[in-house]
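Enquirer: Below you'll find the structure I mean.
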Amino acid sequence: MSVWIAVGVTALGCYAVKLAGLLVPAGALERPLVRRLAALLPVALLAALTAQQTFADGQALVLDARAAGLGAAAVALLLRAPFLLVVAVAVAVTAGVRALGG
């Protein structure tokens, strides 16, 4: 039953955050600093999530096949490859390094 309590509390929390966002005055959202932060925040959060998923294993910092896949994806992005090709390259390199025992 505690799982359903957690689900209910999380749903209420999400609703409260959404309601708080709707209560912010429009004038506050039009400030240049707020607009700049709103544009940069998703990129920063995605970069942090990518780094955490790539280089962390529990409490330890690791350098394994995931790092090679991320590097290959970065090279593909620099070469202006389409997004699906970038993902395919990252998957192939990660699988290849893991198959080779890395």
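Every chain in the structure tokens has a letter given in the order shown (A, B, ...), and although residue numbers restart at 1 in each chain, ligands are simply numbered from 1 in the order shown.
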Tell me which protein, DNA and RNA residues are within 9 Å of Val89 (chain A), counting only C-alpha atoms, leaving out same-chain ones fewer than 5 positions away, and put them as a PDB file with C-alpha atoms, in the first residue's frame.
Expert:
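Written output follows (out02.pdb):
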ATOM      1  CA  GLY A  69      29.680   5.424 -27.184  1.00  0.00           C
ATOM      2  CA  ALA A  72      31.449   8.355 -30.910  1.00  0.00           C
ATOM      3  CA  ALA A  73      28.133  10.209 -30.730  1.00  0.00           C
ATOM      4  CA  ALA A  76      29.022  12.009 -35.306  1.00  0.00           C
ATOM      5  CA  LEU A  84      19.135   8.606 -35.836  1.00  0.00           C
ATOM      6  CA  THR A  94      29.133   0.837 -27.131  1.00  0.00           C
TER       7      THR A  94
END
Enquirer: Could you tell me, as a VMD selection string, which residues of chain A DSSP assigns to strand (DSSP E or B) when given the backbone?
Expert: chain A and resid 56 to 57 60 to 61
Enquirer: Would you output that residue set with all heavy atoms, as a PDB file, in the first residue's frame?
Expert:
ATOM      1  N   ALA A  56      28.686   7.319 -14.114  1.00  0.00           N
ATOM      2  CA  ALA A  56      28.423   6.913 -12.734  1.00  0.00           C
ATOM      3  C   ALA A  56      27.895   5.482 -12.692  1.00  0.00           C
ATOM      4  O   ALA A  56      27.142   5.055 -13.558  1.00  0.00           O
ATOM      5  CB  ALA A  56      27.402   7.849 -12.095  1.00  0.00           C
ATOM      6  N   ASP A  57      28.324   4.772 -11.667  1.00  0.00           N
ATOM      7  CA  ASP A  57      27.802   3.446 -11.384  1.00  0.00           C
ATOM      8  C   ASP A  57      27.581   3.374  -9.875  1.00  0.00           C
ATOM      9  O   ASP A  57      28.500   3.068  -9.123  1.00  0.00           O
ATOM     10  CB  ASP A  57      28.784   2.375 -11.840  1.00  0.00           C
ATOM     11  CG  ASP A  57      28.218   0.978 -11.714  1.00  0.00           C
ATOM     12  OD1 ASP A  57      26.990   0.848 -11.581  1.00  0.00           O
ATOM     13  OD2 ASP A  57      29.007   0.008 -11.758  1.00  0.00           O
ATOM     14  N   ALA A  60      30.207   5.178  -7.528  1.00  0.00           N
ATOM     15  CA  ALA A  60      31.543   5.168  -8.125  1.00  0.00           C
ATOM     16  C   ALA A  60      31.558   5.880  -9.472  1.00  0.00           C
ATOM     17  O   ALA A  60      30.560   5.924 -10.188  1.00  0.00           O
ATOM     18  CB  ALA A  60      32.012   3.731  -8.310  1.00  0.00           C
ATOM     19  N   LEU A  61      32.704   6.433  -9.787  1.00  0.00           N
ATOM     20  CA  LEU A  61      32.936   7.053 -11.083  1.00  0.00           C
ATOM     21  C   LEU A  61      33.620   6.023 -11.973  1.00  0.00           C
ATOM     22  O   LEU A  61      34.642   5.440 -11.587  1.00  0.00           O
ATOM     23  CB  LEU A  61      33.828   8.286 -10.904  1.00  0.00           C
ATOM     24  CG  LEU A  61      33.997   9.199 -12.077  1.00  0.00           C
ATOM     25  CD1 LEU A  61      32.650   9.794 -12.478  1.00  0.00           C
ATOM     26  CD2 LEU A  61      34.958  10.317 -11.741  1.00  0.00           C
TER      27      LEU A  61
END
Enquirer: Identify which of the residues A:Ile5, A:Ala65, A:Leu78, A:Val87 lies closest to Ala99 (chain A), counting only C-alpha atoms when measuring atom-to-atom distances.
Expert: A:Ala65
Enquirer: Using only C-alpha atoms, which of A:Leu29, A:Val3, A:Val17, A:Leu70 sits nearest Ala47 (chain A)?
Expert: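 Of the candidates, the smallest distance to Ala47 (chain A) is held by A:Leu70.
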Enquirer: Among chain A, which residues carry a DSSP assignment of alpha helix (DSSP H), reported as number ranges by chain?
Expert: A: 2-22, 26-29, 32-55, 65-78, 83-99
Enquirer: For Gly101 (chain A), work out the shell of residues within 10 Å, counting only C-alpha atoms and skipping chain neighbours fewer than 5 positions away, then give it as a ChimeraX atom specification.
Expert: /A:64-65,95-96
